[in-house]
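A.B. asks: Just so it is clear, I am handing over upload-v8.cif, which has mmCIF, C-alpha atoms.
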data_work
loop_
_atom_site.group_PDB
_atom_site.id
_atom_site.type_symbol
_atom_site.label_atom_id
_atom_site.label_comp_id
_atom_site.auth_asym_id
_atom_site.auth_seq_id
_atom_site.Cartn_x
_atom_site.Cartn_y
_atom_site.Cartn_z
ATOM 1 C CA MET Z 168 56.621 -41.555 95.231
ATOM 2 C CA SER Z 169 58.756 -41.043 92.128
ATOM 3 C CA ASP Z 170 57.333 -41.212 88.605
ATOM 4 C CA THR Z 171 59.242 -44.471 88.064
ATOM 5 C CA ALA Z 172 57.843 -46.009 91.234
ATOM 6 C CA THR Z 173 54.340 -44.875 90.291
ATOM 7 C CA ALA Z 174 54.701 -46.374 86.831
ATOM 8 C CA THR Z 175 55.937 -49.640 88.341
ATOM 9 C CA THR Z 176 53.024 -49.803 90.790
ATOM 10 C CA GLU Z 177 50.524 -49.127 88.014
ATOM 11 C CA GLU Z 178 52.086 -51.824 85.834
ATOM 12 C CA LEU Z 179 51.904 -54.361 88.666
ATOM 13 C CA ASP Z 180 48.320 -53.399 89.511
ATOM 14 C CA LYS Z 181 47.178 -54.360 86.009
ATOM 15 C CA TYR Z 182 47.488 -57.991 87.119
ATOM 16 C CA ARG Z 183 45.823 -57.642 90.533
ATOM 17 C CA ARG Z 184 42.374 -58.986 89.601
ATOM 18 C CA GLU Z 185 43.549 -62.063 87.700
ATOM 19 C CA LEU Z 186 46.071 -62.832 90.447
ATOM 20 C CA THR Z 187 43.289 -62.551 93.027
ATOM 21 C CA GLY Z 188 41.258 -65.072 91.024
ATOM 22 C CA TYR Z 189 44.244 -67.424 90.930
ATOM 23 C CA CYS Z 190 44.920 -67.082 94.653
ATOM 24 C CA TYR Z 191 41.233 -67.519 95.482
ATOM 25 C CA ARG Z 192 41.107 -70.823 93.614
ATOM 26 C CA MET Z 193 44.280 -71.892 95.423
ATOM 27 C CA LEU Z 194 43.236 -70.805 98.924
ATOM 28 C CA GLY Z 195 39.420 -70.899 98.933
ATOM 29 C CA SER Z 196 39.263 -67.630 100.865
ATOM 30 C CA SER Z 197 38.460 -64.192 99.469
ATOM 31 C CA PHE Z 198 40.312 -62.432 102.277
ATOM 32 C CA GLU Z 199 43.359 -64.706 102.165
ATOM 33 C CA ALA Z 200 43.476 -64.306 98.383
ATOM 34 C CA GLU Z 201 43.595 -60.523 98.657
ATOM 35 C CA ASP Z 202 46.268 -60.774 101.365
ATOM 36 C CA ALA Z 203 48.294 -63.137 99.155
ATOM 37 C CA VAL Z 204 48.079 -60.758 96.202
ATOM 38 C CA GLN Z 205 49.072 -57.804 98.354
ATOM 39 C CA ASP Z 206 52.060 -59.801 99.627
ATOM 40 C CA THR Z 207 52.890 -60.670 95.999
ATOM 41 C CA MET Z 208 52.769 -57.012 94.969
ATOM 42 C CA VAL Z 209 54.962 -55.912 97.864
ATOM 43 C CA ARG Z 210 57.539 -58.616 97.116
ATOM 44 C CA ALA Z 211 57.488 -57.760 93.412
ATOM 45 C CA TRP Z 212 57.844 -54.020 94.026
ATOM 46 C CA LYS Z 213 60.800 -54.572 96.330
ATOM 47 C CA ALA Z 214 62.480 -56.966 93.899
ATOM 48 C CA ILE Z 215 61.653 -55.197 90.636
ATOM 49 C CA ASP Z 216 65.259 -54.089 90.131
ATOM 50 C CA SER Z 217 66.321 -57.741 90.076
ATOM 51 C CA PHE Z 218 63.698 -58.672 87.457
ATOM 52 C CA GLU Z 219 65.811 -59.511 84.420
ATOM 53 C CA GLY Z 220 62.996 -59.873 81.912
ATOM 54 C CA ARG Z 221 63.864 -63.447 80.943
ATOM 55 C CA SER Z 222 60.174 -64.219 81.446
ATOM 56 C CA SER Z 223 57.205 -61.885 81.142
ATOM 57 C CA LEU Z 224 56.235 -59.667 84.069
ATOM 58 C CA ARG Z 225 52.988 -61.649 84.296
ATOM 59 C CA SER Z 226 54.812 -64.979 84.596
ATOM 60 C CA TRP Z 227 57.141 -63.520 87.220
ATOM 61 C CA LEU Z 228 54.176 -62.313 89.280
ATOM 62 C CA TYR Z 229 52.500 -65.715 89.041
ATOM 63 C CA ARG Z 230 55.698 -67.346 90.280
ATOM 64 C CA ILE Z 231 55.713 -65.072 93.329
ATOM 65 C CA ALA Z 232 51.982 -65.556 93.929
ATOM 66 C CA THR Z 233 52.319 -69.332 93.663
ATOM 67 C CA ASN Z 234 55.081 -69.360 96.271
ATOM 68 C CA VAL Z 235 52.985 -67.176 98.583
ATOM 69 C CA CYS Z 236 50.007 -69.533 98.213
ATOM 70 C CA LEU Z 237 52.089 -72.682 98.680
ATOM 71 C CA ASP Z 238 53.549 -71.243 101.888
ATOM 72 C CA ALA Z 239 50.032 -70.448 103.141
ATOM 73 C CA LEU Z 240 48.711 -73.905 102.259
ATOM 74 C CA ASN Z 241 51.611 -75.657 103.935
ATOM 75 C CA ALA Z 242 50.805 -73.769 107.135
ATOM 76 C CA GLY Z 243 47.083 -74.552 107.454
ATOM 77 C CA ASN Z 244 44.155 -76.856 106.800
ATOM 78 C CA ARG Z 245 42.200 -77.013 103.559
ATOM 79 C CA ARG Z 246 38.919 -75.152 103.385
ATOM 80 C CA ALA Z 247 35.667 -77.081 103.162
ATOM 81 C CA ARG Z 248 31.908 -76.827 102.758
ATOM 82 C CA PRO Z 249 29.519 -78.591 105.150
ATOM 83 C CA MET Z 250 28.791 -81.214 102.460
ATOM 84 C CA ASP Z 251 32.506 -82.072 102.321
ATOM 85 C CA LEU Z 252 32.456 -83.178 105.959
ATOM 86 C CA THR Z 253 29.213 -85.039 106.695
ATOM 87 C CA SER Z 254 26.161 -86.621 105.117
ATOM 88 C CA PRO Z 255 22.950 -84.582 104.831
ATOM 89 C CA THR Z 256 20.962 -84.414 108.053
ATOM 90 C CA PRO Z 257 17.262 -85.379 108.153
ATOM 91 C CA VAL Z 258 15.301 -82.353 109.319
ATOM 92 C CA ALA Z 259 13.987 -84.255 112.348
ATOM 93 C CA GLN Z 260 17.563 -84.552 113.626
ATOM 94 C CA ALA Z 261 18.784 -81.147 112.447
ATOM 95 C CA LYS Z 262 20.680 -78.990 114.938
ATOM 96 C CA LEU Z 263 22.724 -75.845 114.432
ATOM 97 C CA VAL Z 264 26.202 -76.716 115.643
ATOM 98 C CA GLN Z 265 28.956 -74.202 114.950
ATOM 99 C CA GLN Z 266 32.362 -75.702 114.227
ATOM 100 C CA PRO Z 267 34.938 -72.976 114.919
ATOM 101 C CA GLU Z 268 37.824 -75.349 114.244
ATOM 102 C CA ILE Z 269 36.635 -75.875 110.655
ATOM 103 C CA THR Z 270 38.127 -73.545 108.070
ATOM 104 C CA TRP Z 271 35.152 -72.858 105.841
ATOM 105 C CA LEU Z 272 35.230 -72.139 102.129
ATOM 106 C CA GLU Z 273 34.399 -68.478 101.549
ATOM 107 C CA PRO Z 274 32.312 -66.703 98.880
ATOM 108 C CA VAL Z 275 33.876 -64.022 96.710
ATOM 109 C CA PRO Z 276 32.447 -61.123 94.651
ATOM 110 C CA ASP Z 277 32.755 -61.671 90.909
ATOM 111 C CA GLY Z 278 34.317 -58.242 90.466
ATOM 112 C CA ARG Z 279 37.300 -59.189 92.639
ATOM 113 C CA VAL Z 280 38.310 -62.317 90.718
ATOM 114 C CA LEU Z 281 36.831 -62.438 87.214
ATOM 115 C CA PRO Z 282 38.813 -60.607 84.520
ATOM 116 C CA THR Z 283 37.065 -58.734 81.729
ATOM 117 C CA VAL Z 284 37.603 -60.793 78.577
ATOM 118 C CA ALA Z 285 35.950 -60.622 75.194
ATOM 119 C CA ASP Z 286 35.908 -64.355 74.443
ATOM 120 C CA PRO Z 287 32.615 -65.889 75.722
ATOM 121 C CA ALA Z 288 34.208 -69.339 76.032
ATOM 122 C CA GLU Z 289 37.046 -67.957 78.154
ATOM 123 C CA THR Z 290 34.555 -66.031 80.280
ATOM 124 C CA ALA Z 291 32.559 -69.224 80.859
ATOM 125 C CA VAL Z 292 35.683 -71.092 82.025
ATOM 126 C CA HIS Z 293 36.622 -68.345 84.469
ATOM 127 C CA ARG Z 294 33.100 -68.233 85.933
ATOM 128 C CA GLU Z 295 32.731 -72.014 86.142
ATOM 129 C CA THR Z 296 36.047 -72.354 87.962
ATOM 130 C CA VAL Z 297 35.196 -69.922 90.779
ATOM 131 C CA ARG Z 298 31.925 -71.721 91.584
ATOM 132 C CA LEU Z 299 31.763 -72.776 95.222
ATOM 133 C CA ALA Z 300 31.469 -76.453 94.272
ATOM 134 C CA PHE Z 301 34.462 -76.295 91.935
ATOM 135 C CA VAL Z 302 36.699 -74.423 94.382
ATOM 136 C CA ALA Z 303 35.666 -76.908 97.085
ATOM 137 C CA ALA Z 304 36.720 -79.771 94.801
ATOM 138 C CA LEU Z 305 40.099 -78.077 94.248
ATOM 139 C CA GLN Z 306 40.710 -78.184 97.996
ATOM 140 C CA HIS Z 307 41.055 -81.979 97.783
ATOM 141 C CA LEU Z 308 44.236 -81.586 95.715
ATOM 142 C CA PRO Z 309 47.727 -81.313 97.197
ATOM 143 C CA PRO Z 310 48.969 -77.721 96.857
ATOM 144 C CA LYS Z 311 51.327 -78.228 93.904
ATOM 145 C CA GLN Z 312 48.816 -80.357 91.994
ATOM 146 C CA ARG Z 313 46.262 -77.623 92.622
ATOM 147 C CA ALA Z 314 48.606 -75.007 91.153
ATOM 148 C CA VAL Z 315 49.354 -77.189 88.114
ATOM 149 C CA LEU Z 316 45.685 -77.865 87.405
ATOM 150 C CA ILE Z 317 44.668 -74.206 87.714
ATOM 151 C CA LEU Z 318 47.537 -72.974 85.549
ATOM 152 C CA ARG Z 319 47.032 -75.634 82.875
ATOM 153 C CA GLU Z 320 43.254 -76.161 82.807
ATOM 154 C CA VAL Z 321 41.889 -72.770 83.873
ATOM 155 C CA LEU Z 322 44.524 -70.297 82.710
ATOM 156 C CA ALA Z 323 45.642 -72.377 79.692
ATOM 157 C CA TRP Z 324 49.384 -72.171 80.374
ATOM 158 C CA LYS Z 325 51.652 -74.497 78.438
ATOM 159 C CA ALA Z 326 53.252 -77.386 80.330
ATOM 160 C CA SER Z 327 56.679 -75.855 79.649
ATOM 161 C CA GLU Z 328 55.568 -72.527 81.167
ATOM 162 C CA VAL Z 329 54.256 -74.239 84.302
ATOM 163 C CA ALA Z 330 57.434 -76.300 84.578
ATOM 164 C CA GLU Z 331 59.517 -73.120 84.451
ATOM 165 C CA LEU Z 332 57.323 -71.429 87.070
ATOM 166 C CA LEU Z 333 57.571 -74.390 89.466
ATOM 167 C CA ASP Z 334 61.251 -75.135 88.739
ATOM 168 C CA THR Z 335 60.451 -78.664 87.634
ATOM 169 C CA SER Z 336 60.266 -80.746 84.453
ATOM 170 C CA VAL Z 337 57.535 -80.936 81.856
ATOM 171 C CA ALA Z 338 57.164 -84.640 82.637
ATOM 172 C CA SER Z 339 56.582 -83.797 86.311
ATOM 173 C CA VAL Z 340 53.965 -81.207 85.390
ATOM 174 C CA ASN Z 341 52.137 -83.650 83.108
ATOM 175 C CA SER Z 342 52.204 -86.320 85.801
ATOM 176 C CA ALA Z 343 50.861 -83.898 88.424
ATOM 177 C CA LEU Z 344 48.108 -82.804 86.041
ATOM 178 C CA GLN Z 345 47.078 -86.412 85.374
ATOM 179 C CA ARG Z 346 46.841 -87.147 89.118
ATOM 180 C CA ALA Z 347 44.955 -83.909 89.746
ATOM 181 C CA ARG Z 348 42.439 -84.701 87.008
ATOM 182 C CA ALA Z 349 41.856 -88.165 88.478
ATOM 183 C CA THR Z 350 41.228 -86.763 91.945
ATOM 184 C CA LEU Z 351 38.983 -84.016 90.620
ATOM 185 C CA ALA Z 352 36.954 -86.579 88.640
ATOM 186 C CA GLU Z 353 36.161 -88.346 91.932
ATOM 187 C CA GLN Z 354 35.072 -85.037 93.492
ATOM 188 C CA ALA Z 355 33.425 -83.652 90.364
ATOM 189 C CA PRO Z 356 30.714 -81.103 91.173
ATOM 190 C CA ALA Z 357 27.454 -81.128 89.237
ATOM 191 C CA ALA Z 358 27.513 -78.855 86.211
ATOM 192 C CA SER Z 359 25.744 -75.524 86.601
ATOM 193 C CA ASP Z 360 23.874 -73.399 84.090
ATOM 194 C CA THR Z 361 25.838 -70.599 82.456
ATOM 195 C CA ALA Z 362 24.635 -67.395 84.091
ATOM 196 C CA ASN Z 363 26.487 -64.585 82.355
ATOM 197 C CA PRO Z 364 24.492 -62.878 81.177
ATOM 198 C CA LEU Z 365 21.279 -64.292 82.603
ATOM 199 C CA ASP Z 366 18.877 -65.422 79.893
ATOM 200 C CA GLU Z 367 15.157 -64.650 80.068
ATOM 201 C CA GLU Z 368 14.324 -68.044 81.598
ATOM 202 C CA GLN Z 369 16.917 -67.558 84.338
ATOM 203 C CA LYS Z 370 15.702 -64.033 85.054
ATOM 204 C CA ALA Z 371 12.173 -65.364 85.409
ATOM 205 C CA LEU Z 372 13.401 -68.167 87.680
ATOM 206 C CA LEU Z 373 15.149 -65.689 89.973
ATOM 207 C CA GLU Z 374 12.112 -63.406 90.024
ATOM 208 C CA ARG Z 375 9.968 -66.360 91.107
ATOM 209 C CA TYR Z 376 12.580 -67.298 93.719
ATOM 210 C CA VAL Z 377 12.491 -63.799 95.222
ATOM 211 C CA ALA Z 378 8.686 -63.763 95.241
ATOM 212 C CA ALA Z 379 8.522 -67.215 96.872
ATOM 213 C CA PHE Z 380 11.200 -66.430 99.484
ATOM 214 C CA GLU Z 381 9.920 -62.983 100.409
ATOM 215 C CA GLY Z 382 6.340 -64.300 100.511
ATOM 216 C CA TYR Z 383 7.548 -67.380 102.404
ATOM 217 C CA ASP Z 384 5.506 -69.504 100.022
ATOM 218 C CA MET Z 385 6.959 -72.980 100.460
ATOM 219 C CA LYS Z 386 4.815 -74.519 97.726
ATOM 220 C CA ALA Z 387 6.135 -71.975 95.224
ATOM 221 C CA LEU Z 388 9.704 -72.390 96.503
ATOM 222 C CA THR Z 389 9.516 -76.172 96.239
ATOM 223 C CA ALA Z 390 8.458 -75.878 92.607
ATOM 224 C CA LEU Z 391 11.713 -74.010 91.870
ATOM 225 C CA LEU Z 392 14.036 -76.515 93.582
ATOM 226 C CA HIS Z 393 15.498 -79.715 92.202
ATOM 227 C CA GLU Z 394 14.348 -82.766 94.117
ATOM 228 C CA ASP Z 395 17.930 -83.268 95.324
ATOM 229 C CA ALA Z 396 18.587 -79.562 95.993
ATOM 230 C CA THR Z 397 20.927 -78.787 98.881
ATOM 231 C CA MET Z 398 20.972 -76.082 101.542
ATOM 232 C CA SER Z 399 23.896 -75.172 103.813
ATOM 233 C CA MET Z 400 24.514 -72.474 106.425
ATOM 234 C CA PRO Z 401 28.215 -71.905 107.217
ATOM 235 C CA PRO Z 402 29.588 -71.507 109.880
ATOM 236 C CA TYR Z 403 27.220 -74.307 110.971
ATOM 237 C CA ASP Z 404 28.071 -77.818 109.807
ATOM 238 C CA LEU Z 405 24.428 -78.704 109.118
ATOM 239 C CA TRP Z 406 23.303 -79.220 105.542
ATOM 240 C CA LEU Z 407 20.013 -80.457 104.141
ATOM 241 C CA GLN Z 408 19.050 -82.179 100.918
ATOM 242 C CA GLY Z 409 15.692 -82.605 99.206
ATOM 243 C CA HIS Z 410 12.352 -80.813 99.186
ATOM 244 C CA ASP Z 411 10.932 -82.288 102.376
ATOM 245 C CA ASP Z 412 13.928 -81.562 104.599
ATOM 246 C CA ILE Z 413 14.525 -78.066 103.212
ATOM 247 C CA VAL Z 414 10.869 -77.064 103.563
ATOM 248 C CA GLY Z 415 10.688 -78.753 106.963
ATOM 249 C CA TRP Z 416 13.592 -76.618 108.115
ATOM 250 C CA MET Z 417 12.197 -73.426 106.608
ATOM 251 C CA LEU Z 418 8.874 -73.968 108.402
ATOM 252 C CA GLY Z 419 10.578 -74.945 111.661
ATOM 253 C CA VAL Z 420 13.762 -73.322 112.948
ATOM 254 C CA GLY Z 421 14.068 -71.405 109.680
ATOM 255 C CA GLU Z 422 10.693 -69.710 110.195
ATOM 256 C CA VAL Z 423 12.717 -66.782 111.537
ATOM 257 C CA CYS Z 424 13.480 -65.947 107.865
ATOM 258 C CA SER Z 425 9.818 -65.118 107.216
ATOM 259 C CA GLY Z 426 9.319 -61.517 106.142
ATOM 260 C CA SER Z 427 12.846 -61.098 104.773
ATOM 261 C CA LYS Z 428 13.826 -58.901 101.844
ATOM 262 C CA LEU Z 429 16.310 -59.970 99.143
ATOM 263 C CA VAL Z 430 18.726 -57.684 97.294
ATOM 264 C CA PRO Z 431 20.387 -59.164 94.178
ATOM 265 C CA THR Z 432 24.160 -59.455 93.812
ATOM 266 C CA VAL Z 433 26.616 -61.944 92.267
ATOM 267 C CA ALA Z 434 29.130 -64.281 93.892
ATOM 268 C CA ASN Z 435 31.376 -67.055 92.601
ATOM 269 C CA GLY Z 436 30.094 -66.688 89.063
ATOM 270 C CA SER Z 437 26.556 -67.363 90.288
ATOM 271 C CA PRO Z 438 23.420 -65.382 91.142
ATOM 272 C CA ALA Z 439 23.310 -64.355 94.790
ATOM 273 C CA PHE Z 440 21.150 -62.351 97.174
ATOM 274 C CA ALA Z 441 21.718 -60.338 100.301
ATOM 275 C CA GLN Z 442 19.021 -61.376 102.765
ATOM 276 C CA TYR Z 443 17.752 -58.742 105.187
ATOM 277 C CA HIS Z 444 15.664 -59.699 108.201
ATOM 278 C CA PRO Z 445 12.902 -57.594 109.806
ATOM 279 C CA ASP Z 446 14.449 -55.546 112.620
ATOM 280 C CA PRO Z 447 12.279 -55.029 115.742
ATOM 281 C CA ALA Z 448 13.644 -51.471 115.849
ATOM 282 C CA GLY Z 449 12.386 -50.859 112.319
ATOM 283 C CA GLY Z 450 13.645 -51.553 108.814
ATOM 284 C CA PHE Z 451 15.662 -54.640 107.916
ATOM 285 C CA SER Z 452 19.071 -55.792 109.162
ATOM 286 C CA PRO Z 453 21.576 -58.140 107.455
ATOM 287 C CA TRP Z 454 20.898 -61.838 107.908
ATOM 288 C CA ALA Z 455 22.731 -63.864 105.219
ATOM 289 C CA LEU Z 456 24.454 -63.856 101.851
ATOM 290 C CA ILE Z 457 22.656 -66.466 99.730
ATOM 291 C CA VAL Z 458 24.602 -67.981 96.832
ATOM 292 C CA LEU Z 459 22.501 -70.028 94.392
ATOM 293 C CA GLU Z 460 23.476 -72.821 92.026
ATOM 294 C CA LEU Z 461 21.258 -72.972 88.935
ATOM 295 C CA ARG Z 462 21.043 -76.319 87.172
ATOM 296 C CA ASP Z 463 18.789 -77.387 84.295
ATOM 297 C CA GLY Z 464 16.447 -74.452 84.794
ATOM 298 C CA LYS Z 465 15.955 -74.915 88.543
ATOM 299 C CA VAL Z 466 17.771 -74.116 91.790
ATOM 300 C CA GLY Z 467 20.168 -76.922 92.667
ATOM 301 C CA GLY Z 468 21.759 -75.404 95.762
ATOM 302 C CA MET Z 469 21.351 -72.616 98.301
ATOM 303 C CA ASP Z 470 24.330 -71.651 100.451
ATOM 304 C CA PHE Z 471 23.483 -69.213 103.258
ATOM 305 C CA PHE Z 472 26.622 -67.468 104.555
ATOM 306 C CA LEU Z 473 25.607 -66.052 107.915
ATOM 307 C CA ASP Z 474 28.624 -63.966 108.941
ATOM 308 C CA THR Z 475 27.146 -60.772 107.528
ATOM 309 C CA GLN Z 476 29.629 -58.486 109.297
ATOM 310 C CA ARG Z 477 32.288 -60.160 107.168
ATOM 311 C CA TRP Z 478 30.452 -60.588 103.865
ATOM 312 C CA PHE Z 479 28.239 -57.539 103.407
ATOM 313 C CA PRO Z 480 31.089 -54.968 103.406
ATOM 314 C CA LEU Z 481 33.096 -57.184 101.030
ATOM 315 C CA PHE Z 482 30.171 -57.222 98.584
ATOM 316 C CA ASP Z 483 29.495 -53.467 99.038
ATOM 317 C CA LEU Z 484 26.021 -54.238 100.363
ATOM 318 C CA PRO Z 485 23.956 -51.772 102.422
ATOM 319 C CA ALA Z 486 24.385 -52.049 106.189
ATOM 320 C CA ARG Z 487 20.581 -52.136 106.525
ATOM 321 C CA LEU Z 488 17.377 -51.490 104.590
ATOM 322 C CA GLU Z 489 14.973 -48.859 105.816
ATOM 323 C CA VAL Z 490 11.964 -49.878 103.710
#
Show me, as structure tokens, the structure contained in the file I just sent.
C.D. replies:
Amino acid sequence: MSDTATATTEELDKYRRELTGYCYRMLGSSFEAEDAVQDTMVRAWKAIDSFEGRSSLRSWLYRIATNVCLDALNAGNRRARPMDLTSPTPVAQAKLVQQPEITWLEPVPDGRVLPTVADPAETAVHRETVRLAFVAALQHLPPKQRAVLILREVLAWKASEVAELLDTSVASVNSALQRARATLAEQAPAASDTANPLDEEQKALLERYVAAFEGYDMKALTALLHEDATMSMPPYDLWLQGHDDIVGWMLGVGEVCSGSKLVPTVANGSPAFAQYHPDPAGGFSPWALIVLELRDGKVGGMDFFLDTQRWFPLFDLPARLEV
């Protein structure tokens, strides 16, 4: 590779993480987002000689990435969480039914999508807008409205800049933003506690959560959960809400989780844990990636992502624990 080509690749790569965050919000999939960004980089590298510099390199890359995402969204179904599809199931009626035809919303490591910025307010916006609940709400928007809302509300682009990117008018952008805001207000997720960095109260809460989960102490766990806390387990469509149903599940079918070990990580701007299950052959094997929602000093949601062969390598988690 020539020095010029190397320099070009390095210049493009400076935008990889923020583009991945943009594509993740658009697509709701960590893997599809990385594929979209790679496609964007390849297209940009091939077309770099035709880049005339009338806009910034960053704007040009966002234009390409937006077109890649719009093509992907026009070809498939929106991603969803179990709570987007059904009402909560009483534990007495709970069954694990896998829905392979559902395209589930995926978790993402913070390090793949959150840029390093000095402004705490900007950091908070970026983290809040990769939360599972927020990205799920975005999936209710038509693709172009989704792009407008992310560019305007999350990335703070001017209406004129978005209009230029989408080859449309400022009036059209403002209208799309107004409709997107109205739809999002109907789907508005509950606010979550800021968790970057964790304060002492949050650290203590997570320590108690680990102790309660690893000790399988349902009384202690219940004390940490909001009364309306939710629990989901993609790729199953089942989800539970409230102390009684969550504990009923954990002491019934979920009893298999007893004796697990938790390893801390972060996902979607939220605290998360890799759950390892006792292996009959010795040690502990992967069981789930648990993403928590913290709200008003308690745990408001627990999402257990069970496809560990997919998630653990993405999060650079150990393949097993020996102790």
A.B. asks: Produce a table with one row for each residue of stretch 270-300 of chain Z that has an atom at most 9 Å from any atom of stretch 182-187 of chain Z, each row naming the nearest atom pair and its distance in Å at one decimal; use all atoms listed in the file; arrange rows by chain and rising residue number; format as JSON lines.
C.D. replies:
{"residue": "Z:Gly278", "atom": "CA", "partner": "Z:Arg184", "partner_atom": "CA", "distance": 8.1}
{"residue": "Z:Arg279", "atom": "CA", "partner": "Z:Arg184", "partner_atom": "CA", "distance": 5.9}
{"residue": "Z:Val280", "atom": "CA", "partner": "Z:Arg184", "partner_atom": "CA", "distance": 5.4}
{"residue": "Z:Leu281", "atom": "CA", "partner": "Z:Glu185", "partner_atom": "CA", "distance": 6.7}
{"residue": "Z:Pro282", "atom": "CA", "partner": "Z:Glu185", "partner_atom": "CA", "distance": 5.9}
A.B. asks: With all atoms listed in the file as the atoms that count, which of Z:Gly195, Z:Ala314, Z:Phe301, Z:Ile269 lies nearest to Z:Leu237?
C.D. replies: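 Distance minimum relative to Z:Leu237 lands on Z:Ala314.
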A.B. asks: Check which residues satisfy the PyMOL selection byres ((chain Z and resi 319) around 12) in the file shown, then give them as a list in words.
C.D. replies: Tyr189, Gln312, Arg313, Ala314, Val315, Leu316, Ile317, Leu318, Glu320, Val321, Leu322, Ala323, Trp324, Lys325, Ala326, Ser327, Glu328, Val329, Ala330, Leu332, Val337, Val340, Asn341, Ala343, Leu344, Gln345, Ala347 and Arg348 of chain Z
A.B. asks: With a distance cut-off of 9 Å and all atoms listed in the file, select the neighbouring residues of Z:Ala259, excluding the residue or stretch itself and same-chain residues fewer than 4 positions from it, and output the selection as a ChimeraX atom specification.
C.D. replies: /Z:412,415-416
A.B. asks: Hey, what's within 12 Å of Z:Ala448 if we count only C-alpha atoms and toss same-chain stuff fewer than 6 positions away? As a list in words, please?
C.D. replies: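 Contacts, in chain order: Arg487, Leu488 and Glu489 of chain Z.
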A.B. asks: Within 12 Å of stretch 424-433 of chain Z, which residues of stretch 300-411 of chain Z come that close, and what is the closest atom pair and distance in Å for each? Count all atoms listed in the file and give it as a tab-separated table.
C.D. replies:
residue	atom	partner	partner_atom	distance
Z:Ala362	CA	Z:Val433	CA	10.0
Z:Asn363	CA	Z:Val433	CA	10.3
Z:Pro364	CA	Z:Val433	CA	11.3
Z:Leu365	CA	Z:Val433	CA	11.3
Z:Lys370	CA	Z:Pro431	CA	11.4
Z:Leu373	CA	Z:Pro431	CA	9.4
Z:Glu374	CA	Z:Pro431	CA	10.2
Z:Tyr376	CA	Z:Leu429	CA	9.9
Z:Val377	CA	Z:Leu429	CA	6.7
Z:Ala378	CA	Z:Leu429	CA	9.4
Z:Ala379	CA	Z:Ser425	CA	10.6
Z:Phe380	CA	Z:Ser427	CA	7.7
Z:Glu381	CA	Z:Ser427	CA	5.6
Z:Gly382	CA	Z:Gly426	CA	7.0
Z:Tyr383	CA	Z:Ser425	CA	5.8
Z:Asp384	CA	Z:Ser425	CA	9.5
Z:Met385	CA	Z:Ser425	CA	10.8
A.B. asks: Which residue gives the smallest distance to Z:Leu456 among Z:Glu367, Z:Asp470, Z:Asp404, Z:Asp277, with all atoms listed in the file counted?
C.D. replies: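 Using all atoms listed in the file, the shortest distance to Z:Leu456 belongs to Z:Asp470.
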A.B. asks: Determine the residue membership of the PyMOL selection byres ((chain Z and resi 250) around 9) for the file above and supply it as a ChimeraX atom specification.
C.D. replies: /Z:247-249,251-255,397,399,404-407
A.B. asks: I'd like the interatomic distance between atom CA of Z:Val414 and atom CA of Z:Ala357, to a tenth of an Å.
C.D. replies: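 Distance reported for this atom pair: 22.3 Å.
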A.B. asks: So which residues touch Z:Gln476 within 12 Å, counting all atoms listed in the file, skipping near sequence neighbours fewer than 6 positions away, as an MDAnalysis selection string?
C.D. replies: chainID Z and resid 452:456 482:487
A.B. asks: Can you list what the PyMOL selection byres ((chain Z and resi 274) around 9) grabs from this structure, as a PyMOL selection string?
C.D. replies: chain Z and resi 195-197+272-273+275-276+298-299+434-435+456+458+472+478
A.B. asks: Which residues, written as a compact mmCIF listing (two decimals) with C-alpha atoms, keeping the file's coordinate frame, have at least one atom at most 12 Å from Z:Gln205, with only C-alpha atoms counted and residues fewer than 3 positions away on the same chain left out?
C.D. replies:
# COMPACT_ATOMS: atom_id res chain seq x y z
CA THR Z 176 53.02 -49.80 90.79
CA LEU Z 179 51.90 -54.36 88.67
CA ASP Z 180 48.32 -53.40 89.51
CA TYR Z 182 47.49 -57.99 87.12
CA ARG Z 183 45.82 -57.64 90.53
CA ARG Z 184 42.37 -58.99 89.60
CA LEU Z 186 46.07 -62.83 90.45
CA THR Z 187 43.29 -62.55 93.03
CA CYS Z 190 44.92 -67.08 94.65
CA PHE Z 198 40.31 -62.43 102.28
CA GLU Z 199 43.36 -64.71 102.16
CA ALA Z 200 43.48 -64.31 98.38
CA GLU Z 201 43.60 -60.52 98.66
CA ASP Z 202 46.27 -60.77 101.36
CA MET Z 208 52.77 -57.01 94.97
CA VAL Z 209 54.96 -55.91 97.86
CA ARG Z 210 57.54 -58.62 97.12
CA ALA Z 211 57.49 -57.76 93.41
CA TRP Z 212 57.84 -54.02 94.03
CA LEU Z 228 54.18 -62.31 89.28
CA ILE Z 231 55.71 -65.07 93.33
CA ALA Z 232 51.98 -65.56 93.93
CA VAL Z 235 52.98 -67.18 98.58
CA CYS Z 236 50.01 -69.53 98.21
A.B. asks: Pick the closest to Z:Gln306 from Z:Thr335, Z:Asn244, Z:Asn234, Z:Ser359: which is it, counting all atoms listed in the file?
C.D. replies: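 Closest to Z:Gln306, using all atoms listed in the file: Z:Asn244.
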A.B. asks: Between atom CA of Z:Ile457 and atom CA of Z:Met469, what is the distance in Å, rounded to a tenth?
C.D. replies: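 Computing it gives 6.4 Å between the two atoms.
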A.B. asks: Which one is closest to Z:Ser223: Z:Asp238, Z:Glu331, Z:Asp395, Z:Asp206? Count all atoms listed in the file.
C.D. replies: Z:Glu331
A.B. asks: Rounded to one decimal in Å, what is the spacing between atom CA of Z:Ala338 and atom CA of Z:Val297?
C.D. replies: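 Answer for the atom CA of Z:Ala338 to atom CA of Z:Val297 separation: 27.7 Å.
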A.B. asks: Between Z:Gly421, Z:Pro310, Z:Pro445, Z:Gly450, which has the minimum distance to Z:Leu240 (counting only C-alpha atoms)?
C.D. replies: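 Checking each candidate against Z:Leu240, we get Z:Pro310 as the closest.
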